Amino acid sequence: MSSKHPLNAKAFVANDERMHWHDKALWFVREKRDITSKTIPEWEQLREYANSIKTHTMANLDKYLIEFEKNAQERGIKVHWAKDAQEHNEIVYNILKENNAKKLVKSKSMLTEECHLNPFLINKGIEVIDTDLGERIVQLRDEPPSHVVLPAIHLKKQDVSDTFHEHLGTQKGNYDPTYLTRAARANLREKFLSADAGITGVNFAIANTGGVVVCTNEGNADMGANTPKLHIACMGIEKIIPRLEDLSVFTRLLARSATGQAITSYTSHFHGPVSGGQMHIVIVDNKRSPFLKSQKYQKALNCIRCGACMNTCPIFRRSGGHSYEYVIPGPIGSSLATFRDPKKHKTLSFACTLCGSCTNVCPVKIDLDSQLYNHRQDLTQQGIIDSKKKFMLKSASWLMSHPTLFDIAGKIARKVVPLLPKSILYTKSNVWGKNRDLPQMPKNSFKELYKKGIEDDK
Ligand code: SF4
């Protein structure tokens with residue numbers, strides 16, 4: 001089934017108050033990003049560095065992955081390779097099974113979301129507890145995260161309170177965030193202490209040290225990786241950076257772009273198992289390597305998942321992360337999803353105003369708006385877009401390539417449209433008219449005004 005972004009977005013905007021609240025909440029984060037980024041005079045230089053480090057790494061990914069594996073093994077870490085989601089899930093399950101691990105605590109990892117690890121393990125009888133607060137909230141509600149950094153941004157404190165009341169037994173109607181956070185912490189602490197294994201994601205994997213770095217604001221990755229004796233870190237192949245010295249370029253950009261903080265509260269380095277324990281790293285491809293061959297879309301692999309493109313995107317802010325029906329929503333998710341499965345995600349690249357705001361804020365300078373524009377061309381050439389849209393675009397293209405007819409059509413429209421009854425203008429086929437009123441028709445076309453020397457049209 002194909003993604004239904006327009007229908008999902010329609011459902012989201014139907015709740016006007018919630019839509020505006022979501023919009024404002026994300027814009028608040030975007031403004032914080034602007035303020036902190038401006039405290040660094042060399043901000044633009046850092047973005048350039050980050051872009052060139054990533055571009056260099058992707059061009060030499062095979063070399064750096066092998067270097068990383070060798071150095072990690074020398075540190076006593078077991079390295080596994082998975083070609084797809086299924087293999088990834090089986091590797092993780094087998095490690096747990098070999099260690100008789102039945103209870104698992106997991107910190108934020110979009111890769112494990114992408115691989116649907118939770119349902120896979122739960123089906124095998126493993127208890128899986130997400131430990132990032134936002135992820136725990138959506139897990140209790142049986143929902144996917146709606147944002148890569150703020151997984152429960154679509155929920156208000158009242159929603160969280162109701163969820164906790166139902167699942168954790170908190171007082172009904174108590175919306176106090178401190179009370180709710182304490183209740184979640186008490187519940188999670190018990191889970192950490194009884195866990196047999198901890199899974200973390202990976203923000204950066206350093207080739208020349210063989211270690212991985214995980215950034216969190218809650219310290220939950222550290223608890224999960226250090227309390228049980230078994231730590232499994234799951235990463236996509238694109239998480240590699242060449243040297244430890246490169247790390248500061250990314251850590252300075254990541255937190256500021258994500259939440260407007262100068263640094264994430266915990267930037268934790270894992271360079272080997274805990275004493276007497278085991279550490280495993282699962283390196284996953286899952287449809288990443290085809291990006292390396294694509295000139296148009298390769299840069300999508302450079303993403304460090306800061307979420308800045310989502311916070312700034314006018315469509316994301318007004319349609320919510322779930323409307324994208326893809327594990328990574330927003331501008332970067334639209335590009336990744338469309339490249340991986342154009343038929344299924346054919347509506348996403350059209351859910352874009354091409355305003356370019358995402359490209360302007362992206363800390364690693366991914367050409368997001370160009371990618372979405374290119375996807376539209378590709379979808380059209382592949383004949384994947386909807387027949388109605390195709391007909392409209394073809395007709396418009398034909399009319400625009402015949403200037404005299406275009407002028408005549410404009411003249412007729414300016415005269416006739418204002419006289420038409422609403423029932424003819426706002427039909428089912430005119431989707432643009434659903435939430436919009438037609439503007440007043442100008443007396444003259446731009447061309448006529450230009451010829452006259454652009455005088456007042458009133
Ligand atoms: S595409 Fe850029 S802005 Fe968007 S999440 Fe990735 S790194 Fe951040």
# chains A, B, ... in the order shown; residues from 1 in each chain; ligands from 1
>>> select_by_dssp(residues="segment 44-82 of chain A", states="strand (DSSP E)", output="PyMOL selection string")
chain A and resi 78-82
>>> select_by_dssp(residues="segment 173-392 of chain A", states="alpha helix (DSSP H)", output="PyMOL selection string")
chain A and resi 177-194+220-226+247-259+289-292+308-312+314-319+330-340+357-361+368-381+387-392
>>> closest_residue(among="A:Arg141, A:Lys428, A:Arg436, A:Arg30", to="ligand 1", atoms="only C-alpha atoms and all ligand atoms")
A:Arg30
>>> closest_atom_pairs(of="segment 97-128 of chain A", to="segment 323-328 of chain A", cutoff="8 Å", atoms="only C-alpha atoms", output="tab-separated table")
residue	atom	partner	partner_atom	distance
A:Met110	CA	A:Val327	CA	7.3
A:Glu113	CA	A:Val327	CA	6.7
A:Glu114	CA	A:Val327	CA	5.9
>>> residues_around(residues="Ala50 of chain A", least_positions_apart="2", cutoff="7 Å", atoms="only C-alpha atoms", output="PDB file with N, CA and C atoms, in the first residue's frame")
ATOM      1  N   LEU A  46      32.267  24.958  10.479  1.00  0.00           N
ATOM      2  CA  LEU A  46      32.048  23.616  11.066  1.00  0.00           C
ATOM      3  C   LEU A  46      31.160  22.770  10.155  1.00  0.00           C
ATOM      4  N   ARG A  47      30.108  23.413   9.618  1.00  0.00           N
ATOM      5  CA  ARG A  47      29.213  22.677   8.703  1.00  0.00           C
ATOM      6  C   ARG A  47      29.990  22.199   7.480  1.00  0.00           C
ATOM      7  N   GLU A  48      30.875  23.061   6.997  1.00  0.00           N
ATOM      8  CA  GLU A  48      31.692  22.670   5.836  1.00  0.00           C
ATOM      9  C   GLU A  48      32.585  21.484   6.184  1.00  0.00           C
ATOM     10  N   SER A  52      32.588  17.776   4.568  1.00  0.00           N
ATOM     11  CA  SER A  52      33.721  17.162   3.860  1.00  0.00           C
ATOM     12  C   SER A  52      34.189  15.880   4.560  1.00  0.00           C
ATOM     13  N   ILE A  53      34.097  15.833   5.890  1.00  0.00           N
ATOM     14  CA  ILE A  53      34.485  14.580   6.580  1.00  0.00           C
ATOM     15  C   ILE A  53      33.553  13.451   6.137  1.00  0.00           C
ATOM     16  N   LYS A  54      32.256  13.763   6.117  1.00  0.00           N
ATOM     17  CA  LYS A  54      31.281  12.726   5.740  1.00  0.00           C
ATOM     18  C   LYS A  54      31.469  12.306   4.282  1.00  0.00           C
ATOM     19  N   VAL A 249      33.869  18.005  15.826  1.00  0.00           N
ATOM     20  CA  VAL A 249      33.148  18.751  14.782  1.00  0.00           C
ATOM     21  C   VAL A 249      31.666  18.382  14.866  1.00  0.00           C
ATOM     22  N   PHE A 250      31.404  17.083  15.038  1.00  0.00           N
ATOM     23  CA  PHE A 250      30.014  16.614  15.030  1.00  0.00           C
ATOM     24  C   PHE A 250      29.310  16.870  16.365  1.00  0.00           C
ATOM     25  N   VAL A 364      25.157  19.087   8.366  1.00  0.00           N
ATOM     26  CA  VAL A 364      26.132  18.428   7.491  1.00  0.00           C
ATOM     27  C   VAL A 364      25.876  18.789   6.019  1.00  0.00           C
TER      28      VAL A 364
END
>>> atom_distance(atom1="atom CA of Lys299 of chain A", atom2="atom CA of Glu44 of chain A")
17.8 Å
>>> residues_near_ligand(ligand="ligand 1", cutoff="8 Å", atoms="only C-alpha atoms and all ligand atoms", output="PyMOL selection string")
chain A and resi 148+254+257-258+300+302-310+330-332+358-359+361-366+368
>>> residues_around(residues="Met223 of chain A", least_positions_apart="5", cutoff="10 Å", atoms="only C-alpha atoms", output="ChimeraX atom specification")
/A:105-107,131,189,192-193,198,218,228
>>> residues_around(residues="Pro145 of chain A", least_positions_apart="2", cutoff="10 Å", atoms="only C-alpha atoms", output="number ranges by chain")
A: 110, 113, 134-139, 142-143, 147-154, 321-322, 327-329
>>> closest_residue(among="A:Lys422, A:His56, A:His231, A:Lys344", to="Gly272 of chain A", atoms="only C-alpha atoms")
A:His231
>>> atom_distance(atom1="atom CA of Arg182 of chain A", atom2="atom CA of His165 of chain A")
13.2 Å
>>> residues_around(residues="Pro418 of chain A", least_positions_apart="2", cutoff="8 Å", atoms="only C-alpha atoms", output="list in words")
Arg414, Lys415, Val416, Leu420, Gln440 and Met441 of chain A
>>> residues_around(residues="Lys97 of chain A", least_positions_apart="4", cutoff="12 Å", atoms="only C-alpha atoms", output="list of chain:residue names")
A:Glu90, A:Ile91, A:Val92, A:Tyr93, A:Ala101, A:Lys102, A:Lys103, A:Leu104, A:Leu121, A:Lys124, A:Gly125, A:Ile126, A:Asp196, A:Ala197, A:Leu230
>>> write_last_selection(atoms="C-alpha atoms", output="PDB file, in the first residue's frame")
ATOM      1  CA  GLU A  90      18.357 -12.617  14.278  1.00  0.00           C
ATOM      2  CA  ILE A  91      21.908 -11.687  15.289  1.00  0.00           C
ATOM      3  CA  VAL A  92      20.613  -9.723  18.277  1.00  0.00           C
ATOM      4  CA  TYR A  93      18.256 -12.540  19.262  1.00  0.00           C
ATOM      5  CA  ALA A 101      19.024 -13.012  28.462  1.00  0.00           C
ATOM      6  CA  LYS A 102      15.262 -12.566  28.855  1.00  0.00           C
ATOM      7  CA  LYS A 103      15.018  -8.924  29.900  1.00  0.00           C
ATOM      8  CA  LEU A 104      16.364  -6.147  27.749  1.00  0.00           C
ATOM      9  CA  LEU A 121      12.096  -9.926  20.213  1.00  0.00           C
ATOM     10  CA  LYS A 124      10.363 -14.559  20.945  1.00  0.00           C
ATOM     11  CA  GLY A 125       9.436 -14.028  24.593  1.00  0.00           C
ATOM     12  CA  ILE A 126      11.969 -11.293  25.451  1.00  0.00           C
ATOM     13  CA  ASP A 196      20.015  -9.093  31.542  1.00  0.00           C
ATOM     14  CA  ALA A 197      21.208  -7.035  28.596  1.00  0.00           C
ATOM     15  CA  LEU A 230      25.882  -7.701  28.149  1.00  0.00           C
TER      16      LEU A 230
END
>>> closest_residue(among="A:Gln73, A:Asn311, A:Gln278, A:Gln171", to="Lys229 of chain A", atoms="only C-alpha atoms")
A:Gln278
